[in-house]
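Read the structure below first, then the notes.
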Amino acid sequence: MVAQLKTESKTLYDTDYNLWILETVKKLENNDFNSVDWENLIEEVLDLSKRDKRKLQSLLIKLFEHLLKLKYWYSEYYYNKGHWEGEILNFRQQINIELEDSPSLKPYLLEKLKDCYDKGRAIAAKRCQLPLHTFPEKPIASLEQILDENWLP
């Protein structure tokens with residue numbers, strides 16, 4: 001009986017997300033505001049901001065990882081320099097595109113800079129098979145330098 005009630009109380013949002021989006025858009029376009037699933041719509045809109053923040057954090061972690069490999073992984077430098085520089089440019093461009101669309105996220109990146117650096121540092125240490133103390137504890141540059149396509153460590 002309880003399982004049946006749970007099944008019956010499922011909404012379109014729970015059973016077919018894509019159809020829920022299409023139906024919600026249709027309702028909004030038709031100004032049918034009374035039948036909009038506002039609770040889930042608000043949740044989804046808030047999640048858009050969270051997704052952008054997670055994406056920026058992920059890109060910044062990867063950027064730090066590659067900047068650190070470029071600067072400190074001496075034994076692989078000549079074999080991988082071009083690849084690492086290409087990845088660095090790619091991550092910078094992706095971050096800068098996101099910040100062009102949403103400049104209000106830059107303070108968030110500044111707030112997360114040290115945390116992202118620490119994560120990138122840990123990944124670099126694992127990938128390079130070097131001790132963590134090989135890499136400085138503090139970020140190797142400011143956010144402006146890190147995002148500058150002409151700057152390399």
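Going by the structure tokens order, chains are called A, B, ..., each with residues numbered from 1, while ligands are numbered from 1 in the order shown.
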*Write out as a PyMOL selection string which residues come within 10 Å of range 31-47 of chain A when counting only C-alpha atoms, dropping same-chain ones fewer than 4 positions away.*
chain A and resi 11-14+20-21+23-27+51-53
With N, CA and C atoms retained, export the selected residues as a PDB file, in the first residue's frame.
```
ATOM      1  N   THR A  11       5.654  12.564  -9.807  1.00  0.00           N
ATOM      2  CA  THR A  11       5.267  13.567 -10.787  1.00  0.00           C
ATOM      3  C   THR A  11       5.977  13.299 -12.102  1.00  0.00           C
ATOM      4  N   LEU A  12       5.619  14.052 -13.106  1.00  0.00           N
ATOM      5  CA  LEU A  12       6.301  13.958 -14.393  1.00  0.00           C
ATOM      6  C   LEU A  12       7.794  14.237 -14.214  1.00  0.00           C
ATOM      7  N   TYR A  13       8.118  15.141 -13.334  1.00  0.00           N
ATOM      8  CA  TYR A  13       9.517  15.457 -13.020  1.00  0.00           C
ATOM      9  C   TYR A  13      10.270  14.198 -12.592  1.00  0.00           C
ATOM     10  N   ASP A  14       9.627  13.334 -11.818  1.00  0.00           N
ATOM     11  CA  ASP A  14      10.249  12.112 -11.313  1.00  0.00           C
ATOM     12  C   ASP A  14      10.307  11.002 -12.359  1.00  0.00           C
ATOM     13  N   TRP A  20       9.182  16.616 -18.722  1.00  0.00           N
ATOM     14  CA  TRP A  20       8.851  17.650 -17.737  1.00  0.00           C
ATOM     15  C   TRP A  20       9.379  19.012 -18.189  1.00  0.00           C
ATOM     16  N   ILE A  21      10.610  19.047 -18.694  1.00  0.00           N
ATOM     17  CA  ILE A  21      11.186  20.306 -19.190  1.00  0.00           C
ATOM     18  C   ILE A  21      10.348  20.847 -20.346  1.00  0.00           C
ATOM     19  N   GLU A  23       7.265  20.238 -21.179  1.00  0.00           N
ATOM     20  CA  GLU A  23       5.931  20.650 -20.712  1.00  0.00           C
ATOM     21  C   GLU A  23       6.005  21.956 -19.922  1.00  0.00           C
ATOM     22  N   THR A  24       7.042  22.104 -19.120  1.00  0.00           N
ATOM     23  CA  THR A  24       7.206  23.333 -18.332  1.00  0.00           C
ATOM     24  C   THR A  24       7.429  24.528 -19.243  1.00  0.00           C
ATOM     25  N   VAL A  25       8.243  24.361 -20.261  1.00  0.00           N
ATOM     26  CA  VAL A  25       8.490  25.444 -21.215  1.00  0.00           C
ATOM     27  C   VAL A  25       7.188  25.819 -21.921  1.00  0.00           C
ATOM     28  N   LYS A  26       6.448  24.804 -22.326  1.00  0.00           N
ATOM     29  CA  LYS A  26       5.168  25.055 -23.005  1.00  0.00           C
ATOM     30  C   LYS A  26       4.224  25.849 -22.094  1.00  0.00           C
ATOM     31  N   LYS A  27       4.142  25.454 -20.832  1.00  0.00           N
ATOM     32  CA  LYS A  27       3.275  26.153 -19.879  1.00  0.00           C
ATOM     33  C   LYS A  27       3.727  27.603 -19.690  1.00  0.00           C
ATOM     34  N   ARG A  51      25.805  24.129 -10.984  1.00  0.00           N
ATOM     35  CA  ARG A  51      26.509  23.434 -12.070  1.00  0.00           C
ATOM     36  C   ARG A  51      27.623  24.301 -12.638  1.00  0.00           C
ATOM     37  N   ASP A  52      27.346  25.571 -12.838  1.00  0.00           N
ATOM     38  CA  ASP A  52      28.369  26.485 -13.346  1.00  0.00           C
ATOM     39  C   ASP A  52      29.542  26.575 -12.375  1.00  0.00           C
ATOM     40  N   LYS A  53      29.229  26.640 -11.093  1.00  0.00           N
ATOM     41  CA  LYS A  53      30.290  26.724 -10.077  1.00  0.00           C
ATOM     42  C   LYS A  53      31.124  25.449 -10.066  1.00  0.00           C
TER      43      LYS A  53
END
```
*Run DSSP on the backbone of this structure and report the residues of chain A it assigns to alpha helix (DSSP H), as a PyMOL selection string.*
chain A and resi 2-8+12-15+17-29+38-72+77-101+106-128+143-147
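Summary of the local environment: counting only C-alpha atoms, residues at most 10 Å from Leu109 in chain A, other than itself and those fewer than 3 positions away along its chain, are Lys53, Leu56, Gln57, Leu60, Ile95, Leu99, Ser104, Leu105, Lys106, Lys112, Leu113, Lys114, Asp115, Cys116 and Leu143 of chain A.
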*Residue neighbourhood range 147-152 of chain A, 8 Å, only C-alpha atoms, exclusion window fewer than 6 positions, as a VMD selection string*: chain A and resid 67 89 92 to 93 95 to 96
Using only all heavy atoms, please write the residues we just selected to a file, as a CSV table (one decimal), in the first residue's frame.
```csv
chain,number,residue,atom,x,y,z
A,67,LEU,N,49.5,23.3,-14.8
A,67,LEU,CA,50.6,24.3,-14.6
A,67,LEU,C,51.7,23.7,-13.7
A,67,LEU,O,52.8,24.0,-13.9
A,67,LEU,CB,49.9,25.5,-13.9
A,67,LEU,CG,49.1,26.4,-14.8
A,67,LEU,CD1,48.3,27.4,-14.0
A,67,LEU,CD2,50.0,27.1,-15.8
A,89,LEU,N,46.0,26.1,-22.1
A,89,LEU,CA,45.3,27.0,-22.9
A,89,LEU,C,43.8,26.6,-23.0
A,89,LEU,O,42.9,27.5,-22.9
A,89,LEU,CB,45.9,27.1,-24.3
A,89,LEU,CG,45.2,28.1,-25.3
A,89,LEU,CD1,45.3,29.5,-24.7
A,89,LEU,CD2,45.9,28.0,-26.6
A,92,ARG,N,42.1,27.4,-19.7
A,92,ARG,CA,41.9,28.9,-19.5
A,92,ARG,C,40.8,29.4,-20.4
A,92,ARG,O,40.0,30.2,-20.0
A,92,ARG,CB,43.3,29.5,-19.9
A,92,ARG,CG,44.3,29.5,-18.9
A,92,ARG,CD,45.6,30.1,-19.4
A,92,ARG,NE,46.5,30.2,-18.3
A,92,ARG,CZ,47.8,30.3,-18.5
A,92,ARG,NH1,48.4,30.3,-19.7
A,92,ARG,NH2,48.6,30.4,-17.4
A,93,GLN,N,40.8,29.0,-21.7
A,93,GLN,CA,39.8,29.5,-22.6
A,93,GLN,C,38.4,29.1,-22.1
A,93,GLN,O,37.4,29.9,-22.1
A,93,GLN,CB,40.0,28.9,-24.0
A,93,GLN,CG,41.2,29.6,-24.7
A,93,GLN,CD,41.5,29.0,-26.0
A,93,GLN,OE1,41.0,28.0,-26.4
A,93,GLN,NE2,42.3,29.7,-26.8
A,95,ILE,N,37.4,28.5,-18.9
A,95,ILE,CA,37.1,29.3,-17.8
A,95,ILE,C,36.8,30.7,-18.2
A,95,ILE,O,35.8,31.3,-17.7
A,95,ILE,CB,38.3,29.3,-16.8
A,95,ILE,CG1,38.5,27.9,-16.1
A,95,ILE,CG2,38.1,30.4,-15.7
A,95,ILE,CD1,39.8,27.8,-15.4
A,96,ASN,N,37.6,31.3,-19.1
A,96,ASN,CA,37.3,32.7,-19.5
A,96,ASN,C,36.0,32.8,-20.2
A,96,ASN,O,35.3,33.8,-20.1
A,96,ASN,CB,38.5,33.2,-20.3
A,96,ASN,CG,39.7,33.6,-19.5
A,96,ASN,OD1,39.5,34.1,-18.4
A,96,ASN,ND2,40.9,33.2,-20.0
```
*Smallest atom-to-atom distance to Lys55 in chain A: which of A:Leu22, A:Ala122, A:Ile97, A:Leu132, using only C-alpha atoms?*
A:Ile97
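Reported to one decimal place, the separation of CA of Lys69 in chain A from CA of Ala124 in chain A is 6.2 Å.
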*Can you list, as a PyMOL selection string, every protein, DNA or RNA residue that comes within 10 Å of Trp73 in chain A when you count only C-alpha atoms, leaving out same-chain residues fewer than 5 positions away?*
chain A and resi 66-68+78+80-81+124-125+127-130+134-135
Could you take the residues named above and write them with all heavy atoms, as an mmCIF file, in the first residue's frame?
```
data_model
loop_
_atom_site.group_PDB
_atom_site.id
_atom_site.type_symbol
_atom_site.label_atom_id
_atom_site.label_comp_id
_atom_site.auth_asym_id
_atom_site.auth_seq_id
_atom_site.Cartn_x
_atom_site.Cartn_y
_atom_site.Cartn_z
ATOM 1 N N HIS A 66 47.913 21.012 -14.458
ATOM 2 C CA HIS A 66 48.791 21.093 -15.622
ATOM 3 C C HIS A 66 49.860 22.177 -15.463
ATOM 4 O O HIS A 66 50.994 21.998 -15.929
ATOM 5 C CB HIS A 66 47.963 21.275 -16.891
ATOM 6 C CG HIS A 66 47.299 20.005 -17.303
ATOM 7 N ND1 HIS A 66 46.153 19.550 -16.696
ATOM 8 C CD2 HIS A 66 47.628 19.081 -18.231
ATOM 9 C CE1 HIS A 66 45.810 18.403 -17.238
ATOM 10 N NE2 HIS A 66 46.682 18.098 -18.170
ATOM 11 N N LEU A 67 49.533 23.269 -14.826
ATOM 12 C CA LEU A 67 50.561 24.286 -14.560
ATOM 13 C C LEU A 67 51.656 23.715 -13.666
ATOM 14 O O LEU A 67 52.849 23.972 -13.895
ATOM 15 C CB LEU A 67 49.936 25.521 -13.899
ATOM 16 C CG LEU A 67 49.091 26.413 -14.799
ATOM 17 C CD1 LEU A 67 48.285 27.409 -13.963
ATOM 18 C CD2 LEU A 67 49.956 27.146 -15.816
ATOM 19 N N LEU A 68 51.270 22.937 -12.684
ATOM 20 C CA LEU A 68 52.250 22.335 -11.778
ATOM 21 C C LEU A 68 53.083 21.267 -12.488
ATOM 22 O O LEU A 68 54.299 21.182 -12.278
ATOM 23 C CB LEU A 68 51.554 21.751 -10.544
ATOM 24 C CG LEU A 68 50.981 22.792 -9.589
ATOM 25 C CD1 LEU A 68 50.068 22.138 -8.554
ATOM 26 C CD2 LEU A 68 52.084 23.588 -8.917
ATOM 27 N N TYR A 78 60.192 17.674 -21.552
ATOM 28 C CA TYR A 78 60.411 17.758 -23.000
ATOM 29 C C TYR A 78 59.476 16.855 -23.796
ATOM 30 O O TYR A 78 59.164 17.144 -24.943
ATOM 31 C CB TYR A 78 61.872 17.466 -23.335
ATOM 32 C CG TYR A 78 62.780 18.563 -22.832
ATOM 33 C CD1 TYR A 78 63.551 18.385 -21.692
ATOM 34 C CD2 TYR A 78 62.796 19.810 -23.452
ATOM 35 C CE1 TYR A 78 64.347 19.413 -21.199
ATOM 36 C CE2 TYR A 78 63.585 20.848 -22.975
ATOM 37 C CZ TYR A 78 64.352 20.633 -21.849
ATOM 38 O OH TYR A 78 65.125 21.660 -21.361
ATOM 39 N N ASN A 80 56.283 16.167 -22.829
ATOM 40 C CA ASN A 80 54.882 16.540 -22.632
ATOM 41 C C ASN A 80 54.600 18.040 -22.646
ATOM 42 O O ASN A 80 53.451 18.436 -22.503
ATOM 43 C CB ASN A 80 54.382 15.956 -21.299
ATOM 44 C CG ASN A 80 54.265 14.461 -21.366
ATOM 45 O OD1 ASN A 80 53.498 13.930 -22.147
ATOM 46 N ND2 ASN A 80 55.060 13.767 -20.562
ATOM 47 N N LYS A 81 55.630 18.858 -22.796
ATOM 48 C CA LYS A 81 55.477 20.313 -22.724
ATOM 49 C C LYS A 81 54.349 20.815 -23.635
ATOM 50 O O LYS A 81 53.476 21.560 -23.203
ATOM 51 C CB LYS A 81 56.798 20.999 -23.082
ATOM 52 C CG LYS A 81 56.731 22.504 -23.077
ATOM 53 C CD LYS A 81 58.103 23.082 -23.484
ATOM 54 C CE LYS A 81 58.099 24.572 -23.432
ATOM 55 N NZ LYS A 81 57.780 25.209 -24.694
ATOM 56 N N ALA A 124 48.351 16.414 -9.277
ATOM 57 C CA ALA A 124 49.662 16.489 -9.939
ATOM 58 C C ALA A 124 50.666 15.572 -9.253
ATOM 59 O O ALA A 124 51.435 14.868 -9.919
ATOM 60 C CB ALA A 124 50.163 17.932 -9.963
ATOM 61 N N ALA A 125 50.665 15.563 -7.932
ATOM 62 C CA ALA A 125 51.598 14.706 -7.187
ATOM 63 C C ALA A 125 51.360 13.236 -7.524
ATOM 64 O O ALA A 125 52.319 12.480 -7.759
ATOM 65 C CB ALA A 125 51.453 14.950 -5.688
ATOM 66 N N ARG A 127 49.825 11.973 -10.275
ATOM 67 C CA ARG A 127 50.116 11.688 -11.690
ATOM 68 C C ARG A 127 51.616 11.676 -11.970
ATOM 69 O O ARG A 127 52.087 10.900 -12.788
ATOM 70 C CB ARG A 127 49.441 12.715 -12.585
ATOM 71 C CG ARG A 127 47.959 12.714 -12.416
ATOM 72 C CD ARG A 127 47.226 12.384 -13.644
ATOM 73 N NE ARG A 127 45.822 12.256 -13.253
ATOM 74 C CZ ARG A 127 44.838 12.507 -14.028
ATOM 75 N NH1 ARG A 127 45.057 12.885 -15.252
ATOM 76 N NH2 ARG A 127 43.620 12.359 -13.614
ATOM 77 N N CYS A 128 52.329 12.557 -11.292
ATOM 78 C CA CYS A 128 53.776 12.651 -11.499
ATOM 79 C C CYS A 128 54.539 11.632 -10.671
ATOM 80 O O CYS A 128 55.743 11.438 -10.887
ATOM 81 C CB CYS A 128 54.281 14.048 -11.123
ATOM 82 S SG CYS A 128 53.573 15.407 -12.055
ATOM 83 N N GLN A 129 53.847 11.025 -9.705
ATOM 84 C CA GLN A 129 54.495 10.128 -8.751
ATOM 85 C C GLN A 129 55.635 10.840 -8.026
ATOM 86 O O GLN A 129 56.714 10.293 -7.818
ATOM 87 C CB GLN A 129 54.991 8.853 -9.450
ATOM 88 C CG GLN A 129 53.874 7.976 -10.003
ATOM 89 C CD GLN A 129 53.013 7.387 -8.896
ATOM 90 O OE1 GLN A 129 53.486 6.575 -8.128
ATOM 91 N NE2 GLN A 129 51.763 7.810 -8.811
ATOM 92 N N LEU A 130 55.359 12.103 -7.658
ATOM 93 C CA LEU A 130 56.303 12.913 -6.901
ATOM 94 C C LEU A 130 55.699 13.186 -5.525
ATOM 95 O O LEU A 130 54.480 13.237 -5.382
ATOM 96 C CB LEU A 130 56.554 14.247 -7.624
ATOM 97 C CG LEU A 130 57.259 14.160 -8.979
ATOM 98 C CD1 LEU A 130 57.218 15.513 -9.693
ATOM 99 C CD2 LEU A 130 58.700 13.696 -8.801
ATOM 100 N N THR A 134 56.853 18.427 -3.167
ATOM 101 C CA THR A 134 57.550 18.931 -4.364
ATOM 102 C C THR A 134 56.913 20.237 -4.830
ATOM 103 O O THR A 134 57.586 21.105 -5.365
ATOM 104 C CB THR A 134 57.467 17.889 -5.504
ATOM 105 O OG1 THR A 134 58.013 16.659 -5.057
ATOM 106 C CG2 THR A 134 58.183 18.364 -6.754
ATOM 107 N N PHE A 135 55.620 20.342 -4.611
ATOM 108 C CA PHE A 135 54.842 21.491 -5.074
ATOM 109 C C PHE A 135 54.605 22.447 -3.915
ATOM 110 O O PHE A 135 54.308 22.013 -2.800
ATOM 111 C CB PHE A 135 53.512 21.009 -5.654
ATOM 112 C CG PHE A 135 53.680 19.897 -6.659
ATOM 113 C CD1 PHE A 135 53.447 18.571 -6.307
ATOM 114 C CD2 PHE A 135 54.076 20.177 -7.958
ATOM 115 C CE1 PHE A 135 53.608 17.549 -7.223
ATOM 116 C CE2 PHE A 135 54.239 19.165 -8.883
ATOM 117 C CZ PHE A 135 54.010 17.846 -8.517
#
```
